[in-house]
file work_31.cif (mmCIF, N, CA and C atoms)
data_coords
#
loop_
_atom_site.label_atom_id
_atom_site.label_comp_id
_atom_site.auth_asym_id
_atom_site.auth_seq_id
_atom_site.Cartn_x
_atom_site.Cartn_y
_atom_site.Cartn_z
N MET A 1 13.43 -13.03 37.52
CA MET A 1 13.20 -11.80 36.80
C MET A 1 13.43 -12.04 35.30
N ILE A 2 12.50 -11.60 34.49
CA ILE A 2 12.60 -11.76 33.05
C ILE A 2 13.49 -10.65 32.48
N PRO A 3 14.46 -11.01 31.66
CA PRO A 3 15.30 -9.96 31.06
C PRO A 3 14.50 -9.15 30.03
N PRO A 4 14.90 -7.91 29.80
CA PRO A 4 14.19 -7.09 28.82
C PRO A 4 14.27 -7.71 27.42
N ARG A 5 13.31 -7.36 26.58
CA ARG A 5 13.33 -7.83 25.18
C ARG A 5 14.59 -7.38 24.46
N PHE A 6 15.03 -6.17 24.77
CA PHE A 6 16.25 -5.61 24.18
C PHE A 6 16.78 -4.55 25.13
N ASP A 7 17.97 -4.06 24.83
CA ASP A 7 18.68 -3.17 25.74
C ASP A 7 18.14 -1.74 25.64
N VAL A 8 17.25 -1.40 26.56
CA VAL A 8 16.72 -0.05 26.68
C VAL A 8 16.32 0.15 28.14
N THR A 9 16.44 1.36 28.62
CA THR A 9 16.12 1.65 30.02
C THR A 9 14.75 2.32 30.13
N ALA A 10 14.23 2.34 31.35
CA ALA A 10 12.96 3.04 31.60
C ALA A 10 13.10 4.52 31.27
N ASP A 11 14.23 5.13 31.56
CA ASP A 11 14.44 6.54 31.23
C ASP A 11 14.43 6.77 29.72
N GLN A 12 15.04 5.84 28.98
CA GLN A 12 15.01 5.97 27.52
C GLN A 12 13.59 5.82 26.98
N ILE A 13 12.81 4.94 27.57
CA ILE A 13 11.41 4.79 27.17
C ILE A 13 10.67 6.10 27.40
N ASP A 14 10.85 6.68 28.57
CA ASP A 14 10.19 7.96 28.87
C ASP A 14 10.61 9.03 27.87
N GLN A 15 11.89 9.07 27.52
CA GLN A 15 12.38 10.07 26.58
C GLN A 15 11.77 9.86 25.19
N VAL A 16 11.73 8.63 24.72
CA VAL A 16 11.14 8.34 23.40
C VAL A 16 9.68 8.78 23.39
N VAL A 17 8.95 8.43 24.42
CA VAL A 17 7.52 8.77 24.48
C VAL A 17 7.34 10.30 24.46
N ALA A 18 8.13 11.01 25.25
CA ALA A 18 8.01 12.48 25.29
C ALA A 18 8.35 13.11 23.95
N VAL A 19 9.44 12.67 23.31
CA VAL A 19 9.83 13.23 22.01
C VAL A 19 8.78 12.89 20.96
N PHE A 20 8.31 11.66 20.98
CA PHE A 20 7.31 11.23 20.00
C PHE A 20 6.03 12.05 20.11
N TYR A 21 5.50 12.19 21.31
CA TYR A 21 4.23 12.92 21.44
C TYR A 21 4.39 14.41 21.22
N GLY A 22 5.59 14.94 21.41
CA GLY A 22 5.84 16.31 21.00
C GLY A 22 5.69 16.45 19.49
N ALA A 23 6.22 15.47 18.76
CA ALA A 23 6.09 15.47 17.30
C ALA A 23 4.65 15.22 16.87
N VAL A 24 3.94 14.35 17.57
CA VAL A 24 2.54 14.06 17.24
C VAL A 24 1.71 15.33 17.36
N ARG A 25 1.90 16.08 18.42
CA ARG A 25 1.10 17.30 18.63
C ARG A 25 1.31 18.31 17.51
N ARG A 26 2.47 18.29 16.87
CA ARG A 26 2.76 19.22 15.77
C ARG A 26 2.37 18.65 14.40
N HIS A 27 2.05 17.37 14.33
CA HIS A 27 1.81 16.71 13.04
C HIS A 27 0.46 17.11 12.46
N GLU A 28 0.44 17.42 11.17
CA GLU A 28 -0.78 17.92 10.53
C GLU A 28 -1.90 16.89 10.44
N VAL A 29 -1.59 15.61 10.40
CA VAL A 29 -2.63 14.57 10.33
C VAL A 29 -2.91 14.00 11.72
N LEU A 30 -1.88 13.57 12.40
CA LEU A 30 -2.06 12.91 13.70
C LEU A 30 -2.43 13.88 14.82
N GLY A 31 -1.91 15.08 14.77
CA GLY A 31 -2.15 16.06 15.84
C GLY A 31 -3.63 16.25 16.14
N PRO A 32 -4.47 16.54 15.12
CA PRO A 32 -5.89 16.74 15.40
C PRO A 32 -6.59 15.48 15.92
N VAL A 33 -6.19 14.31 15.47
CA VAL A 33 -6.81 13.07 15.95
C VAL A 33 -6.52 12.91 17.44
N PHE A 34 -5.27 13.06 17.82
CA PHE A 34 -4.91 12.93 19.24
C PHE A 34 -5.57 14.04 20.06
N ALA A 35 -5.62 15.25 19.52
CA ALA A 35 -6.22 16.38 20.25
C ALA A 35 -7.69 16.14 20.55
N ASN A 36 -8.36 15.32 19.72
CA ASN A 36 -9.76 14.98 19.97
C ASN A 36 -9.94 14.10 21.20
N HIS A 37 -8.88 13.45 21.64
CA HIS A 37 -9.00 12.44 22.70
C HIS A 37 -8.13 12.69 23.92
N VAL A 38 -7.02 13.37 23.75
CA VAL A 38 -6.08 13.56 24.86
C VAL A 38 -6.26 14.96 25.42
N THR A 39 -6.67 15.04 26.67
CA THR A 39 -6.82 16.33 27.34
C THR A 39 -5.71 16.55 28.36
N ASP A 40 -5.08 15.49 28.82
CA ASP A 40 -4.01 15.58 29.81
C ASP A 40 -2.78 14.86 29.23
N TRP A 41 -1.93 15.63 28.55
CA TRP A 41 -0.78 15.03 27.88
C TRP A 41 0.18 14.33 28.84
N PRO A 42 0.52 14.91 29.99
CA PRO A 42 1.42 14.19 30.90
C PRO A 42 0.84 12.83 31.33
N ALA A 43 -0.45 12.79 31.62
CA ALA A 43 -1.07 11.52 32.02
C ALA A 43 -1.05 10.52 30.86
N HIS A 44 -1.34 11.00 29.64
CA HIS A 44 -1.33 10.12 28.47
C HIS A 44 0.08 9.57 28.24
N GLU A 45 1.07 10.45 28.28
CA GLU A 45 2.44 10.01 28.07
C GLU A 45 2.87 9.02 29.15
N GLY A 46 2.44 9.26 30.38
CA GLY A 46 2.76 8.31 31.46
C GLY A 46 2.15 6.95 31.21
N LYS A 47 0.91 6.94 30.74
CA LYS A 47 0.24 5.66 30.46
C LYS A 47 0.92 4.92 29.31
N ILE A 48 1.29 5.66 28.27
CA ILE A 48 1.94 5.02 27.12
C ILE A 48 3.35 4.55 27.50
N ALA A 49 4.06 5.33 28.28
CA ALA A 49 5.38 4.88 28.75
C ALA A 49 5.24 3.60 29.58
N ALA A 50 4.20 3.52 30.40
CA ALA A 50 3.96 2.29 31.17
C ALA A 50 3.67 1.12 30.24
N PHE A 51 2.91 1.37 29.17
CA PHE A 51 2.65 0.32 28.18
C PHE A 51 3.96 -0.21 27.61
N TRP A 52 4.85 0.71 27.19
CA TRP A 52 6.12 0.26 26.59
C TRP A 52 7.03 -0.39 27.63
N ARG A 53 7.03 0.10 28.86
CA ARG A 53 7.85 -0.56 29.90
C ARG A 53 7.35 -1.98 30.15
N ASN A 54 6.04 -2.17 30.06
CA ASN A 54 5.48 -3.51 30.18
C ASN A 54 5.91 -4.38 29.00
N ALA A 55 5.79 -3.84 27.78
CA ALA A 55 6.08 -4.61 26.58
C ALA A 55 7.56 -4.91 26.42
N ILE A 56 8.43 -4.03 26.89
CA ILE A 56 9.87 -4.18 26.67
C ILE A 56 10.59 -4.70 27.92
N LEU A 57 10.28 -4.10 29.06
CA LEU A 57 10.99 -4.43 30.30
C LEU A 57 10.22 -5.43 31.16
N TYR A 58 9.02 -5.78 30.75
CA TYR A 58 8.15 -6.70 31.48
C TYR A 58 7.75 -6.19 32.85
N GLU A 59 7.71 -4.85 32.99
CA GLU A 59 7.13 -4.28 34.21
C GLU A 59 5.63 -4.50 34.15
N ARG A 60 5.01 -4.54 35.27
CA ARG A 60 3.56 -4.76 35.30
C ARG A 60 2.86 -3.49 35.78
N SER A 61 3.23 -2.35 35.16
CA SER A 61 2.67 -1.07 35.59
C SER A 61 1.58 -0.55 34.67
N TYR A 62 1.31 -1.26 33.58
CA TYR A 62 0.31 -0.79 32.61
C TYR A 62 -1.00 -1.55 32.80
N ASP A 63 -2.08 -0.77 32.83
CA ASP A 63 -3.41 -1.37 32.92
C ASP A 63 -4.28 -0.69 31.87
N GLY A 64 -4.51 -1.35 30.78
CA GLY A 64 -5.32 -0.76 29.73
C GLY A 64 -5.45 -1.72 28.56
N SER A 65 -6.18 -1.28 27.56
CA SER A 65 -6.39 -2.07 26.35
C SER A 65 -6.21 -1.17 25.14
N PRO A 66 -5.01 -1.18 24.52
CA PRO A 66 -4.80 -0.34 23.36
C PRO A 66 -5.80 -0.62 22.24
N MET A 67 -6.13 -1.88 22.02
CA MET A 67 -7.08 -2.21 20.95
C MET A 67 -8.43 -1.55 21.23
N ARG A 68 -8.92 -1.71 22.42
CA ARG A 68 -10.21 -1.12 22.78
C ARG A 68 -10.18 0.40 22.64
N ALA A 69 -9.11 1.03 23.10
CA ALA A 69 -8.99 2.49 23.02
C ALA A 69 -9.00 2.97 21.57
N HIS A 70 -8.26 2.30 20.70
CA HIS A 70 -8.22 2.72 19.30
C HIS A 70 -9.53 2.45 18.59
N MET A 71 -10.18 1.36 18.92
CA MET A 71 -11.45 1.04 18.28
C MET A 71 -12.55 1.99 18.76
N ARG A 72 -12.53 2.32 20.04
CA ARG A 72 -13.56 3.18 20.62
C ARG A 72 -13.43 4.64 20.17
N ALA A 73 -12.23 5.05 19.78
CA ALA A 73 -11.99 6.45 19.42
C ALA A 73 -12.92 6.92 18.29
N GLY A 74 -13.14 6.07 17.31
CA GLY A 74 -14.07 6.41 16.24
C GLY A 74 -13.45 7.17 15.08
N ASP A 75 -12.40 7.94 15.31
CA ASP A 75 -11.79 8.69 14.22
C ASP A 75 -10.37 8.21 13.90
N VAL A 76 -9.98 7.10 14.48
CA VAL A 76 -8.69 6.50 14.14
C VAL A 76 -8.91 5.61 12.93
N ARG A 77 -8.16 5.88 11.87
CA ARG A 77 -8.32 5.13 10.62
C ARG A 77 -7.08 4.27 10.38
N ALA A 78 -7.27 3.23 9.59
CA ALA A 78 -6.17 2.33 9.27
C ALA A 78 -5.02 3.09 8.61
N ASP A 79 -5.32 4.10 7.81
CA ASP A 79 -4.25 4.82 7.12
C ASP A 79 -3.46 5.75 8.06
N HIS A 80 -3.88 5.88 9.30
CA HIS A 80 -3.10 6.64 10.28
C HIS A 80 -1.89 5.84 10.76
N PHE A 81 -1.98 4.52 10.74
CA PHE A 81 -0.92 3.70 11.33
C PHE A 81 0.41 3.80 10.60
N PRO A 82 0.46 3.79 9.27
CA PRO A 82 1.76 3.98 8.61
C PRO A 82 2.39 5.35 8.94
N ILE A 83 1.56 6.37 9.07
CA ILE A 83 2.06 7.70 9.44
C ILE A 83 2.62 7.65 10.86
N TRP A 84 1.84 7.06 11.78
CA TRP A 84 2.26 6.93 13.17
C TRP A 84 3.59 6.18 13.26
N LEU A 85 3.69 5.07 12.54
CA LEU A 85 4.90 4.25 12.60
C LEU A 85 6.10 4.97 12.01
N ALA A 86 5.91 5.71 10.93
CA ALA A 86 7.02 6.46 10.34
C ALA A 86 7.53 7.52 11.32
N LEU A 87 6.62 8.22 11.97
CA LEU A 87 7.01 9.23 12.95
C LEU A 87 7.68 8.58 14.16
N PHE A 88 7.16 7.43 14.58
CA PHE A 88 7.76 6.72 15.70
C PHE A 88 9.15 6.23 15.35
N ASP A 89 9.31 5.66 14.14
CA ASP A 89 10.63 5.20 13.70
C ASP A 89 11.63 6.35 13.67
N GLU A 90 11.20 7.50 13.18
CA GLU A 90 12.08 8.67 13.15
C GLU A 90 12.51 9.05 14.56
N THR A 91 11.56 9.02 15.49
CA THR A 91 11.87 9.33 16.90
C THR A 91 12.86 8.32 17.46
N LEU A 92 12.64 7.05 17.20
CA LEU A 92 13.54 6.01 17.70
C LEU A 92 14.95 6.22 17.15
N ARG A 93 15.08 6.48 15.85
CA ARG A 93 16.40 6.67 15.24
C ARG A 93 17.12 7.89 15.82
N ARG A 94 16.36 8.93 16.12
CA ARG A 94 16.97 10.16 16.66
C ARG A 94 17.32 10.04 18.14
N THR A 95 16.66 9.14 18.86
CA THR A 95 16.74 9.12 20.32
C THR A 95 17.58 7.98 20.89
N LEU A 96 17.62 6.85 20.20
CA LEU A 96 18.25 5.65 20.77
C LEU A 96 19.45 5.17 19.96
N PRO A 97 20.30 4.35 20.57
CA PRO A 97 21.34 3.68 19.80
C PRO A 97 20.70 2.80 18.70
N PRO A 98 21.40 2.58 17.59
CA PRO A 98 20.81 1.87 16.45
C PRO A 98 20.20 0.51 16.76
N ASP A 99 20.86 -0.33 17.55
CA ASP A 99 20.31 -1.67 17.83
C ASP A 99 18.99 -1.58 18.60
N ALA A 100 18.93 -0.72 19.60
CA ALA A 100 17.70 -0.56 20.38
C ALA A 100 16.60 0.04 19.51
N ALA A 101 16.95 1.00 18.66
CA ALA A 101 15.96 1.61 17.78
C ALA A 101 15.36 0.57 16.83
N ARG A 102 16.21 -0.27 16.25
CA ARG A 102 15.72 -1.31 15.33
C ARG A 102 14.83 -2.32 16.04
N ALA A 103 15.23 -2.75 17.22
CA ALA A 103 14.45 -3.74 17.96
C ALA A 103 13.10 -3.17 18.38
N TRP A 104 13.09 -1.95 18.88
CA TRP A 104 11.83 -1.32 19.30
C TRP A 104 10.93 -1.08 18.10
N SER A 105 11.53 -0.67 16.99
CA SER A 105 10.75 -0.45 15.77
C SER A 105 10.05 -1.73 15.33
N ALA A 106 10.76 -2.83 15.34
CA ALA A 106 10.16 -4.12 14.95
C ALA A 106 8.97 -4.45 15.85
N LEU A 107 9.12 -4.25 17.14
CA LEU A 107 8.02 -4.50 18.09
C LEU A 107 6.85 -3.56 17.81
N ALA A 108 7.14 -2.29 17.60
CA ALA A 108 6.08 -1.30 17.33
C ALA A 108 5.33 -1.65 16.04
N HIS A 109 6.04 -2.12 15.03
CA HIS A 109 5.38 -2.48 13.77
C HIS A 109 4.47 -3.69 13.96
N ARG A 110 4.89 -4.66 14.76
CA ARG A 110 4.01 -5.82 15.04
C ARG A 110 2.75 -5.38 15.78
N ILE A 111 2.92 -4.55 16.78
CA ILE A 111 1.77 -4.06 17.55
C ILE A 111 0.89 -3.19 16.67
N GLY A 112 1.50 -2.31 15.90
CA GLY A 112 0.75 -1.42 15.01
C GLY A 112 -0.06 -2.19 13.98
N GLN A 113 0.50 -3.27 13.46
CA GLN A 113 -0.22 -4.10 12.48
C GLN A 113 -1.49 -4.67 13.11
N GLY A 114 -1.38 -5.15 14.33
CA GLY A 114 -2.56 -5.69 15.01
C GLY A 114 -3.61 -4.62 15.27
N LEU A 115 -3.17 -3.45 15.72
CA LEU A 115 -4.11 -2.36 15.97
C LEU A 115 -4.78 -1.90 14.67
N ARG A 116 -4.00 -1.79 13.61
CA ARG A 116 -4.55 -1.38 12.31
C ARG A 116 -5.62 -2.37 11.85
N MET A 117 -5.34 -3.65 11.98
CA MET A 117 -6.32 -4.65 11.56
C MET A 117 -7.57 -4.56 12.42
N GLY A 118 -7.44 -4.30 13.71
CA GLY A 118 -8.60 -4.16 14.58
C GLY A 118 -9.45 -2.97 14.18
N VAL A 119 -8.80 -1.86 13.85
CA VAL A 119 -9.53 -0.67 13.42
C VAL A 119 -10.23 -0.94 12.09
N GLU A 120 -9.57 -1.63 11.17
CA GLU A 120 -10.19 -1.96 9.88
C GLU A 120 -11.41 -2.85 10.08
N ASP A 121 -11.33 -3.79 11.00
CA ASP A 121 -12.41 -4.75 11.21
C ASP A 121 -13.70 -4.12 11.73
N ILE A 122 -13.61 -2.98 12.40
CA ILE A 122 -14.84 -2.38 12.94
C ILE A 122 -15.48 -1.40 11.98
N ARG A 123 -14.79 -1.04 10.91
CA ARG A 123 -15.35 -0.09 9.96
C ARG A 123 -16.46 -0.75 9.16
N PRO A 124 -17.54 -0.01 8.90
CA PRO A 124 -18.60 -0.59 8.10
C PRO A 124 -18.09 -0.90 6.69
N THR A 125 -18.54 -2.02 6.19
CA THR A 125 -18.13 -2.40 4.84
C THR A 125 -19.15 -1.89 3.83
N ARG A 126 -18.69 -1.63 2.66
CA ARG A 126 -19.51 -1.16 1.59
C ARG A 126 -20.38 -2.29 1.07
N GLU A 127 -21.62 -2.00 0.80
CA GLU A 127 -22.51 -3.01 0.24
C GLU A 127 -22.16 -3.23 -1.23
N GLY A 128 -22.33 -4.43 -1.71
CA GLY A 128 -22.11 -4.72 -3.13
C GLY A 128 -20.75 -5.34 -3.35
N PRO A 129 -20.51 -5.69 -4.61
CA PRO A 129 -19.25 -6.36 -4.94
C PRO A 129 -18.07 -5.40 -4.85
N SER A 130 -16.89 -5.97 -4.66
CA SER A 130 -15.67 -5.16 -4.62
C SER A 130 -15.41 -4.54 -5.97
N ILE A 131 -14.83 -3.37 -5.95
CA ILE A 131 -14.44 -2.69 -7.18
C ILE A 131 -12.96 -2.98 -7.40
N LEU A 132 -12.65 -3.60 -8.52
CA LEU A 132 -11.27 -3.92 -8.83
C LEU A 132 -10.70 -2.81 -9.70
N ARG A 133 -9.55 -2.35 -9.37
CA ARG A 133 -8.92 -1.28 -10.15
C ARG A 133 -7.61 -1.75 -10.69
#

call {"tool": "encode", "arguments": {"input": "work_31.cif", "output": "structure tokens"}}
result
Amino acid sequence: MIPPRFDVTADQIDQVVAVFYGAVRRHEVLGPVFANHVTDWPAHEGKIAAFWRNAILYERSYDGSPMRAHMRAGDVRADHFPIWLALFDETLRRTLPPDAARAWSALAHRIGQGLRMGVEDIRPTREGPSILR
């Protein structure tokens, strides 16, 4: 059995996911983006909790492709990721002991960076030379 990446339980993962998506639904920027795609919040939260249990606890309960989902959405922009991460970090700090919050935050930032780059890569590029400011 592989030990977890850091000290957090499945129940804590579920709690973080629930608190985070409660905040997302109320957020003025992220709320409408998620509302365009999520029709069943309990199912979405369950899927995301499974993703984090896989990433942290090495459970094999998640079946999906976050990169594909974010790229396919069409209205997810690279500038959404810093907002998402700030809200997630706030949730982690409010919900978990400091060491677990820091470790999970570092993992989320690595994953978020990859997703942001994937979303940037599919956006059409402007024709012509770059504008330097």

call {"tool": "residues_near_point", "arguments": {"input": "work_31.cif", "point": "(13.1, 4.0, 27.9)", "cutoff": "10 Å", "atoms": "only C-alpha atoms", "output": "list in words"}}
result
Asp7, Val8, Thr9, Ala10, Asp11, Gln12, Ile13, Asp14, Gln15, Val16, Val17, Ala49, Ala50, Trp52, Arg53, Ile56, Leu57, Thr95, Leu96 and Ala100 of chain A

call {"tool": "residues_around", "arguments": {"input": "work_31.cif", "residues": "Pro66 (chain A)", "least_positions_apart": "5", "cutoff": "8 Å", "atoms": "all atoms listed in the file", "output": "list of chain:residue names"}}
result
A:Met71, A:Arg72, A:Leu115

call {"tool": "resolve_selection", "arguments": {"input": "work_31.cif", "expression": "the PyMOL selection byres (((chain A and resi 63 and name CA) around 9) and name CA)", "output": "PyMOL selection string"}}
result
chain A and resi 47+50-51+60-62+64-65

call {"tool": "write_last_selection", "arguments": {"input": "work_31.cif", "atoms": "N, CA and C atoms", "output": "CSV table (one decimal), in the coordinates of the input"}}
result
chain,number,residue,atom,x,y,z
A,47,LYS,N,0.9,6.9,30.7
A,47,LYS,CA,0.2,5.7,30.5
A,47,LYS,C,0.9,4.9,29.3
A,50,ALA,N,4.2,3.5,30.4
A,50,ALA,CA,4.0,2.3,31.2
A,50,ALA,C,3.7,1.1,30.2
A,51,PHE,N,2.9,1.4,29.2
A,51,PHE,CA,2.6,0.3,28.2
A,51,PHE,C,4.0,-0.2,27.6
A,60,ARG,N,5.0,-4.5,35.3
A,60,ARG,CA,3.6,-4.8,35.3
A,60,ARG,C,2.9,-3.5,35.8
A,61,SER,N,3.2,-2.4,35.2
A,61,SER,CA,2.7,-1.1,35.6
A,61,SER,C,1.6,-0.6,34.7
A,62,TYR,N,1.3,-1.3,33.6
A,62,TYR,CA,0.3,-0.8,32.6
A,62,TYR,C,-1.0,-1.6,32.8
A,64,GLY,N,-4.5,-1.4,30.8
A,64,GLY,CA,-5.3,-0.8,29.7
A,64,GLY,C,-5.4,-1.7,28.6
A,65,SER,N,-6.2,-1.3,27.6
A,65,SER,CA,-6.4,-2.1,26.4
A,65,SER,C,-6.2,-1.2,25.1

call {"tool": "resolve_selection", "arguments": {"input": "work_31.cif", "expression": "the PyMOL selection byres ((chain A and resi 3) around 6.5)", "output": "list in words"}}
result
Met1, Ile2, Pro4, Arg5, Phe6, Ile56, Leu57 and Tyr58 of chain A

call {"tool": "atom_distance", "arguments": {"input": "work_31.cif", "atom1": "atom N of Pro97 (chain A)", "atom2": "CA of Leu85 (chain A)"}}
result
17.3 Å

call {"tool": "residues_around", "arguments": {"input": "work_31.cif", "residues": "His80 (chain A)", "least_positions_apart": "3", "cutoff": "8 Å", "atoms": "all atoms listed in the file", "output": "list in words"}}
result
Val29, Leu30, Val76, Arg77, Ile83, Trp84, Leu85, Ala86 and Arg116 of chain A

call {"tool": "resolve_selection", "arguments": {"input": "work_31.cif", "expression": "the PyMOL selection byres ((chain A and resi 104-106) around 8)", "output": "PyMOL selection string"}}
result
chain A and resi 5-7+88-89+92+98-103+107-112

call {"tool": "closest_residue", "arguments": {"input": "work_31.cif", "among": "A:Thr39, A:Arg68, A:Phe20, A:Glu28", "to": "Thr91 (chain A)", "atoms": "all atoms listed in the file"}}
result
A:Phe20

call {"tool": "closest_residue", "arguments": {"input": "work_31.cif", "among": "A:Ala18, A:Arg93, A:Asn54, A:Ala73", "to": "Ala35 (chain A)", "atoms": "only C-alpha atoms"}}
result
A:Ala73

call {"tool": "atom_distance", "arguments": {"input": "work_31.cif", "atom1": "atom N of Arg25 (chain A)", "atom2": "atom C of Glu90 (chain A)"}}
result
13.3 Å

call {"tool": "residues_around", "arguments": {"input": "work_31.cif", "residues": "Ala78 (chain A)", "least_positions_apart": "5", "cutoff": "8 Å", "atoms": "only C-alpha atoms", "output": "list in words"}}
result
Arg116, Met117, Val119 and Glu120 of chain A

call {"tool": "atom_distance", "arguments": {"input": "work_31.cif", "atom1": "atom C of Pro32 (chain A)", "atom2": "atom N of Val19 (chain A)"}}
result
17.9 Å

call {"tool": "decode", "arguments": {"input": "work_31.cif", "residues": "region 9-26 of chain A", "atoms": "N, CA and C atoms", "output": "compact mmCIF listing (two decimals), in the first residue's frame"}}
result
# COMPACT_ATOMS: atom_id res chain seq x y z
N THR A 9 -7.23 12.99 5.44
CA THR A 9 -8.14 11.85 5.36
C THR A 9 -9.14 12.03 4.22
N ALA A 10 -9.80 10.95 3.85
CA ALA A 10 -10.85 11.02 2.83
C ALA A 10 -11.97 11.95 3.29
N ASP A 11 -12.32 11.93 4.57
CA ASP A 11 -13.35 12.83 5.08
C ASP A 11 -12.93 14.30 4.96
N GLN A 12 -11.66 14.58 5.23
CA GLN A 12 -11.17 15.95 5.07
C GLN A 12 -11.21 16.38 3.61
N ILE A 13 -10.89 15.47 2.71
CA ILE A 13 -10.98 15.78 1.28
C ILE A 13 -12.41 16.13 0.91
N ASP A 14 -13.35 15.31 1.36
CA ASP A 14 -14.77 15.59 1.07
C ASP A 14 -15.18 16.95 1.63
N GLN A 15 -14.72 17.27 2.83
CA GLN A 15 -15.07 18.55 3.44
C GLN A 15 -14.49 19.72 2.65
N VAL A 16 -13.23 19.63 2.26
CA VAL A 16 -12.60 20.70 1.47
C VAL A 16 -13.37 20.90 0.17
N VAL A 17 -13.69 19.82 -0.51
CA VAL A 17 -14.40 19.92 -1.79
C VAL A 17 -15.76 20.58 -1.59
N ALA A 18 -16.49 20.17 -0.57
CA ALA A 18 -17.82 20.75 -0.32
C ALA A 18 -17.72 22.24 0.01
N VAL A 19 -16.79 22.63 0.88
CA VAL A 19 -16.64 24.04 1.25
C VAL A 19 -16.20 24.85 0.04
N PHE A 20 -15.26 24.31 -0.71
CA PHE A 20 -14.76 25.02 -1.89
C PHE A 20 -15.86 25.27 -2.92
N TYR A 21 -16.62 24.25 -3.26
CA TYR A 21 -17.65 24.44 -4.28
C TYR A 21 -18.82 25.28 -3.79
N GLY A 22 -19.03 25.32 -2.48
CA GLY A 22 -19.99 26.28 -1.94
C GLY A 22 -19.53 27.70 -2.23
N ALA A 23 -18.24 27.95 -2.03
CA ALA A 23 -17.67 29.27 -2.32
C ALA A 23 -17.66 29.56 -3.82
N VAL A 24 -17.38 28.56 -4.64
CA VAL A 24 -17.38 28.74 -6.09
C VAL A 24 -18.76 29.17 -6.57
N ARG A 25 -19.79 28.53 -6.08
CA ARG A 25 -21.15 28.86 -6.53
C ARG A 25 -21.52 30.31 -6.21
N ARG A 26 -20.93 30.87 -5.16
CA ARG A 26 -21.20 32.26 -4.79
C ARG A 26 -20.25 33.26 -5.45
